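Okay, upload_29.csv is below, CSV, C-alpha atoms:
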chain,number,residue,atom,x,y,z
A,280,MET,CA,0.0,0.0,0.0
A,281,LYS,CA,1.4,3.4,-1.0
A,282,ALA,CA,1.4,6.5,1.2
A,283,THR,CA,-0.8,9.4,-0.1
A,284,ILE,CA,-0.5,13.1,0.5
A,285,ASP,CA,-3.5,15.1,1.7
A,286,ASP,CA,-2.1,18.6,2.1
A,287,VAL,CA,0.8,20.9,1.6
A,288,VAL,CA,2.3,23.5,3.9
A,289,ILE,CA,4.8,26.1,2.6
A,290,LEU,CA,6.8,28.2,5.1
A,291,ALA,CA,6.8,31.7,3.7
A,292,GLY,CA,7.6,33.9,6.8
A,293,GLY,CA,11.4,33.8,6.6
A,294,MET,CA,13.2,37.1,6.1
A,295,ALA,CA,15.6,37.6,3.3
A,296,SER,CA,19.3,38.3,4.3
A,297,PRO,CA,20.2,42.0,4.4
A,298,ASP,CA,22.3,41.7,1.2
A,299,LEU,CA,19.4,39.9,-0.6
A,300,GLN,CA,17.0,42.6,0.6
A,301,ALA,CA,19.3,45.2,-0.8
A,302,LEU,CA,19.6,43.5,-4.1
A,303,THR,CA,15.9,42.6,-4.7
A,304,GLY,CA,14.1,45.3,-2.7
A,305,VAL,CA,11.9,42.7,-0.9
A,306,THR,CA,12.0,41.7,2.8
A,307,HIS,CA,10.8,38.1,2.7
A,308,ARG,CA,12.4,35.2,0.8
A,309,ALA,CA,9.0,34.2,-0.5
A,310,ASP,CA,8.8,37.5,-2.5
A,311,VAL,CA,12.3,37.3,-4.1
A,312,PRO,CA,11.8,37.6,-7.9
A,313,TRP,CA,12.1,34.5,-9.9
A,314,GLY,CA,11.1,34.0,-13.5
A,315,ASP,CA,7.7,35.7,-14.2
A,316,GLY,CA,6.8,35.8,-10.5
A,317,THR,CA,8.4,35.0,-7.1
A,318,MET,CA,10.1,32.1,-5.6
A,319,LEU,CA,6.9,31.3,-3.6
A,320,ASP,CA,5.0,31.3,-6.9
A,321,HIS,CA,7.4,28.7,-8.3
A,322,VAL,CA,7.3,26.5,-5.2
A,323,ARG,CA,3.6,26.7,-4.9
A,324,ALA,CA,3.2,25.6,-8.6
A,325,ALA,CA,5.4,22.5,-8.1
A,326,LEU,CA,3.5,21.5,-4.9
A,327,THR,CA,-0.1,22.4,-5.9
A,328,PRO,CA,-0.9,18.9,-7.4
A,329,TYR,CA,-0.6,17.5,-3.8
A,330,ALA,CA,-2.8,20.1,-2.1
A,331,PRO,CA,-6.5,20.4,-1.7
A,332,PRO,CA,-8.5,22.3,-4.4
A,333,GLU,CA,-8.0,25.5,-2.5
A,334,GLY,CA,-4.2,25.2,-2.8
A,335,PRO,CA,-1.3,24.8,-0.4
A,336,LEU,CA,-1.4,26.3,3.1
A,337,ILE,CA,0.9,29.4,3.1
A,338,MET,CA,2.4,30.1,6.5
A,339,GLY,CA,3.6,33.6,7.5
A,340,GLY,CA,4.9,36.6,5.7
A,341,ALA,CA,2.5,39.0,4.1
A,342,ALA,CA,-1.1,37.9,3.3
A,343,ARG,CA,-1.2,36.6,-0.2
A,344,GLY,CA,-4.7,35.4,-0.6
A,345,GLY,CA,-5.9,31.8,-0.7
A,346,ARG,CA,-5.1,29.6,2.2
A,347,TRP,CA,-2.8,32.0,4.1
A,348,VAL,CA,-2.3,31.9,7.9
A,349,GLY,CA,0.0,34.2,10.0
A,350,GLY,CA,3.0,32.4,11.5
A,351,GLY,CA,4.5,32.4,15.0
A,352,ASP,CA,7.7,34.0,16.3
A,353,THR,CA,9.7,30.8,15.8
A,354,LEU,CA,9.7,27.9,13.4
A,355,ALA,CA,8.2,25.6,16.0
A,356,GLN,CA,5.4,28.0,16.8
A,357,THR,CA,4.6,28.4,13.1
A,358,ILE,CA,4.4,24.6,12.7
A,359,ARG,CA,2.1,24.4,15.7
A,360,ILE,CA,-0.2,26.9,14.1
A,361,ALA,CA,-0.1,25.1,10.8
A,362,LEU,CA,-1.2,21.9,12.4
A,363,GLN,CA,-4.4,23.6,13.4
A,364,HIS,CA,-5.2,24.0,9.7
A,365,VAL,CA,-3.7,21.0,8.0
A,366,ARG,CA,-6.1,18.6,6.4
A,367,GLY,CA,-5.8,14.8,6.2
A,368,ASP,CA,-3.5,12.1,7.5
A,369,ARG,CA,-0.2,13.0,5.8
A,370,PHE,CA,1.2,16.3,4.4
A,371,LEU,CA,4.3,17.8,2.8
A,372,LEU,CA,6.1,20.7,4.5
A,373,SER,CA,8.3,22.9,2.3
A,374,THR,CA,10.4,26.0,2.5
A,375,CYS,CA,9.5,28.8,0.0
A,376,ASP,CA,13.0,29.4,-1.4
A,377,LEU,CA,13.5,26.5,-3.8
A,378,PRO,CA,13.8,28.3,-7.2
A,379,PHE,CA,14.4,25.1,-9.2
A,380,LEU,CA,11.9,22.8,-7.5
A,381,THR,CA,10.3,20.5,-10.0
A,382,PRO,CA,7.1,18.4,-10.0
A,383,GLU,CA,9.3,15.4,-10.9
A,384,SER,CA,11.3,15.8,-7.7
A,385,ILE,CA,8.2,16.0,-5.6
A,386,ALA,CA,6.7,13.0,-7.5
A,387,TYR,CA,9.8,10.9,-6.7
A,388,LEU,CA,9.6,11.8,-3.0
A,389,VAL,CA,5.9,11.0,-2.8
A,390,ASP,CA,6.2,7.8,-4.8
A,391,HIS,CA,8.9,6.5,-2.4
A,392,LEU,CA,7.4,7.3,0.9
A,393,ASP,CA,7.4,4.4,3.3
A,394,PRO,CA,3.8,4.2,4.6
A,395,ALA,CA,5.0,2.7,7.9
A,396,CYS,CA,7.0,5.9,8.7
A,397,ASP,CA,5.7,9.1,10.3
A,398,ILE,CA,8.5,11.4,9.1
A,399,THR,CA,10.4,11.3,5.8
A,400,TYR,CA,13.6,13.2,5.5
A,401,PRO,CA,15.0,13.6,2.0
A,402,MET,CA,18.8,13.4,1.4
A,403,VAL,CA,20.4,14.6,-1.9
A,404,PRO,CA,23.7,13.2,-3.1
A,405,MET,CA,26.3,16.0,-3.2
A,406,ASP,CA,27.6,14.8,-6.5
A,407,LEU,CA,24.3,15.6,-8.1
A,408,CYS,CA,24.2,19.1,-6.5
A,409,ARG,CA,27.7,19.9,-7.8
A,410,ALA,CA,26.9,18.7,-11.3
A,411,ARG,CA,23.5,20.5,-11.5
A,412,PHE,CA,24.4,23.7,-9.5
A,413,PRO,CA,28.2,24.1,-9.6
A,414,GLY,CA,29.7,26.5,-7.2
A,415,VAL,CA,26.7,26.7,-4.9
A,416,PRO,CA,27.7,26.0,-1.3
A,417,ARG,CA,25.7,23.5,0.7
A,418,THR,CA,25.8,22.1,4.2
A,419,ARG,CA,26.8,18.5,3.8
A,420,LEU,CA,27.5,15.3,5.8
A,421,ARG,CA,29.5,12.3,4.6
A,422,LEU,CA,27.8,9.0,5.6
A,423,ARG,CA,28.6,5.4,4.8
A,424,GLU,CA,26.2,5.6,1.8
A,425,GLY,CA,28.0,8.7,0.4
A,426,GLU,CA,28.1,12.5,0.9
A,427,PHE,CA,24.7,14.2,1.2
A,428,THR,CA,22.9,17.5,1.8
A,429,GLY,CA,19.4,17.7,3.3
A,430,GLY,CA,16.4,18.4,1.2
A,431,ASN,CA,13.9,21.1,2.0
A,432,VAL,CA,10.6,19.3,1.4
A,433,PHE,CA,9.5,16.8,4.1
A,434,ALA,CA,6.6,14.4,4.6
A,435,PHE,CA,4.8,14.1,8.0
A,436,ARG,CA,2.0,12.1,9.4
A,437,THR,CA,-0.2,14.8,10.9
A,438,GLU,CA,-1.0,13.2,14.2
A,439,ALA,CA,2.5,12.0,14.7
A,440,LEU,CA,3.9,15.5,14.2
A,441,ARG,CA,1.4,16.8,16.8
A,442,THR,CA,2.7,14.3,19.2
A,443,ALA,CA,6.4,14.9,18.3
A,444,LEU,CA,6.2,18.7,18.2
A,445,VAL,CA,7.3,19.0,21.9
A,446,HIS,CA,10.5,17.2,20.9
A,447,PHE,CA,10.9,19.3,17.8
A,448,GLU,CA,10.6,22.5,19.9
A,449,ALA,CA,13.1,21.2,22.4
A,450,VAL,CA,15.6,20.3,19.7
A,451,TYR,CA,15.1,23.6,17.9
A,452,ALA,CA,15.7,25.6,21.2
A,453,ALA,CA,18.8,23.6,21.9
A,454,ARG,CA,20.3,23.6,18.4
A,455,LYS,CA,23.2,25.9,19.4
A,456,SER,CA,24.1,24.0,22.5
A,457,PRO,CA,25.8,20.6,22.0
A,458,VAL,CA,25.3,19.7,25.6
A,459,ARG,CA,21.6,20.4,25.7
A,460,LEU,CA,21.1,18.9,22.2
A,461,GLY,CA,22.9,15.7,23.3
A,462,ALA,CA,20.6,15.4,26.3
A,463,ILE,CA,17.5,15.6,24.1
A,464,VAL,CA,18.4,13.4,21.1
A,465,GLY,CA,20.5,11.0,23.1
A,466,TRP,CA,24.3,11.0,23.5
A,467,GLY,CA,24.7,8.0,21.3
A,468,THR,CA,23.0,9.8,18.4
A,469,ALA,CA,24.9,13.1,19.1
A,470,LEU,CA,28.2,11.3,19.1
A,471,ARG,CA,27.4,9.4,15.9
A,472,ILE,CA,26.7,12.8,14.2
A,473,VAL,CA,30.0,14.1,15.4
A,474,ALA,CA,31.7,10.9,14.3
A,475,ALA,CA,30.2,11.3,10.8
A,476,LYS,CA,31.8,14.7,10.6
A,477,LEU,CA,35.2,13.6,11.9
A,478,THR,CA,35.4,10.2,10.3
A,479,PRO,CA,33.6,10.2,7.0
A,480,GLY,CA,31.8,7.0,6.1
A,481,LEU,CA,31.7,5.7,9.7
A,482,VAL,CA,28.0,6.1,10.2
A,483,SER,CA,25.1,5.2,8.0
A,484,ALA,CA,22.0,7.2,7.3
A,485,GLN,CA,19.8,4.3,8.3
A,486,ARG,CA,21.6,4.1,11.7
A,487,LEU,CA,20.8,7.7,12.4
A,488,ALA,CA,17.2,7.3,11.3
A,489,SER,CA,17.0,4.2,13.6
A,490,ASP,CA,18.4,6.2,16.5
A,491,VAL,CA,15.8,8.9,16.1
A,492,THR,CA,13.0,6.3,15.7
A,493,ALA,CA,14.1,4.6,18.9
A,494,ARG,CA,14.7,7.8,20.9
A,495,PHE,CA,11.3,9.4,20.2
A,496,GLU,CA,9.3,6.4,19.2
A,497,ILE,CA,8.5,8.0,15.8
A,498,PRO,CA,9.3,5.9,12.7
A,499,VAL,CA,11.7,8.0,10.5
A,500,GLN,CA,12.6,7.4,6.9
A,501,ALA,CA,15.9,8.7,5.5
A,502,LEU,CA,15.1,8.8,1.7
A,503,VAL,CA,17.8,9.4,-0.9
A,504,VAL,CA,16.2,11.7,-3.6
A,505,PRO,CA,18.2,11.9,-6.9
A,506,PHE,CA,17.1,15.5,-7.6
A,507,ALA,CA,19.4,18.4,-6.6
A,508,GLU,CA,16.5,20.8,-7.1
A,509,ILE,CA,14.8,19.6,-3.9
A,510,GLY,CA,17.8,20.6,-1.8
A,511,THR,CA,18.9,23.9,-3.5
A,512,ASP,CA,17.7,27.0,-1.7
A,513,VAL,CA,18.7,30.6,-1.6
A,514,ASP,CA,20.5,32.0,1.5
A,515,ASP,CA,22.0,35.2,0.3
A,516,ALA,CA,22.6,37.6,-2.6
A,517,ALA,CA,25.7,35.8,-4.0
A,518,GLN,CA,23.8,32.5,-4.1
A,519,TYR,CA,20.8,34.1,-5.7
A,520,GLN,CA,22.9,35.7,-8.4
A,521,SER,CA,24.7,32.4,-9.1
A,522,LEU,CA,21.4,30.6,-9.5
A,523,LEU,CA,20.0,33.3,-11.7
A,524,GLY,CA,22.8,32.5,-14.1
A,525,LEU,CA,21.6,28.8,-14.2
A,526,GLN,CA,17.9,29.5,-14.9
A,527,ASP,CA,18.2,28.4,-18.5
A,528,SER,CA,20.6,25.5,-18.0
Would you write the structure of this file as structure tokens?
Amino acid sequence: MKATIDDVVILAGGMASPDLQALTGVTHRADVPWGDGTMLDHVRAALTPYAPPEGPLIMGGAARGGRWVGGGDTLAQTIRIALQHVRGDRFLLSTCDLPFLTPESIAYLVDHLDPACDITYPMVPMDLCRARFPGVPRTRLRLREGEFTGGNVFAFRTEALRTALVHFEAVYAARKSPVRLGAIVGWGTALRIVAAKLTPGLVSAQRLASDVTARFEIPVQALVVPFAEIGTDVDDAAQYQSLLGLQDS
């Protein structure tokens, strides 16, 4: 039995970096110009086939019509608010700053969801990112299966995320403190992440997913997605200008 998607949430409240604001004249990443519209327009078009007839749920930023809801002061608060409006059993959560996101990349993610898992985290091979978007920097981690960067579109079981949100909020609050973070996710998991950075190839993605599953009792799927577009976002003006030059490639 395949997993199905009932709704889509797009996070649109993030502020553009100061240099990106100066370059584009907009304050939110969702409104950064792209093609004939904005980056949000592009992301919304790629995700609309998986949303209800009224379209994706847009969280935060300026009101843009349709299913728009104001966000919270933090990412965790915004997700908590979104969960009050999400429809159905399983939904996609995406950032708004994925200028090359394609329907094909989303279709691959959805077609390969494990119905037994409550959270699906996409991982993109760095070799694909370098080939498709040369020179664009990405946060990366070398695991036993290869070198990966994280994707920016996730799949969640709605009720499972409601239950897990307290853990998410704690992890988010402790993200800059290794001691606090280790206490939350478990020292074994934290040490394996450090080991993966210090000794490439020592830890597998499946082991990390199993660690999180065991720690929080939430089945997690680490899914390799062979589309660089799902993990290529815009952080600053230099990255934006580099990607502008690749629009027609």
Can you tell me, as a list in words, what residues are no more than 12 Å from Phe506 (chain A) when counting all atoms listed in the file, ignoring any on the same chain fewer than 5 positions away?
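Those residues are Phe379, Leu380, Thr381, Pro382, Glu383, Ser384, Ile385, Ala386, Tyr387, Leu388, Pro401, Met402, Val403, Pro404, Met405, Asp406, Leu407, Cys408, Arg409, Ala410, Arg411, Phe412, Phe427, Thr428, Gly429, Gly430, Asn431, Val432 and Thr511 of chain A.
In terms of minimum interatomic distance to Ala295 (chain A), A:Cys375 ranks closest within A:Leu444, A:Cys375, A:Leu523, A:Met280, counting all atoms listed in the file.
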Nearest to Asp376 (chain A) among A:Val311, A:Gln520, A:Gln485, A:Val499, with distances taken over only C-alpha atoms: which residue is it?
A:Val311
Separation of CA of Gly345 (chain A) from CA of Asp315 (chain A), in Å and rounded to one decimal:
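CA of Asp315 (chain A) lies 19.6 Å from CA of Gly345 (chain A).
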What's the 10 Å shell around region 281-284 of chain A, counting all atoms listed in the file, without same-chain residues fewer than 3 positions away, as a list in words?
Val287, Pro328, Tyr329, Ala330, Pro331, Arg366, Gly367, Asp368, Arg369, Phe370, Leu371, Val389, Asp390, His391, Leu392, Asp393, Pro394, Ala395, Cys396, Ala434, Phe435 and Arg436 of chain A
Please report the interatomic distance between CA of Trp313 (chain A) and CA of His364 (chain A) in Å with one decimal.
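The value is 28.2 Å.
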Using all atoms listed in the file, which of A:Glu424, A:Glu508, A:Asp352, A:Glu438 sits nearest Gly292 (chain A)?
A:Asp352
Given the choices A:Ile398, A:Val415, A:Ala355, A:Ala324, which gets closest to Gly510 (chain A) if the distance is worked out from all atoms listed in the file?
A:Val415
Hey, can you check how far CA of Arg323 (chain A) sits from CA of Gly293 (chain A)?
15.6 Å
In terms of the shortest atom-to-atom distance over all atoms listed in the file, which of A:Ala342, A:Leu362, A:Leu422, A:Val305 is closest to Val503 (chain A)?
A:Leu422
Around the point (10.6, 37.9, 5.4), in the coordinates given by the file, pick out the residues reaching within 10 Å, counting all atoms listed in the file, and return them as JSON, numbers by chain.
{"A": [291, 292, 293, 294, 295, 296, 300, 305, 306, 307, 308, 309, 310, 311, 339, 340, 341]}
Between A:Arg359, A:Asp285, A:Gly304, A:Leu502, which residue has the minimum interatomic distance to Pro332 (chain A), considering all atoms listed in the file?
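Ranked by minimum distance to Pro332 (chain A), first place goes to A:Asp285.
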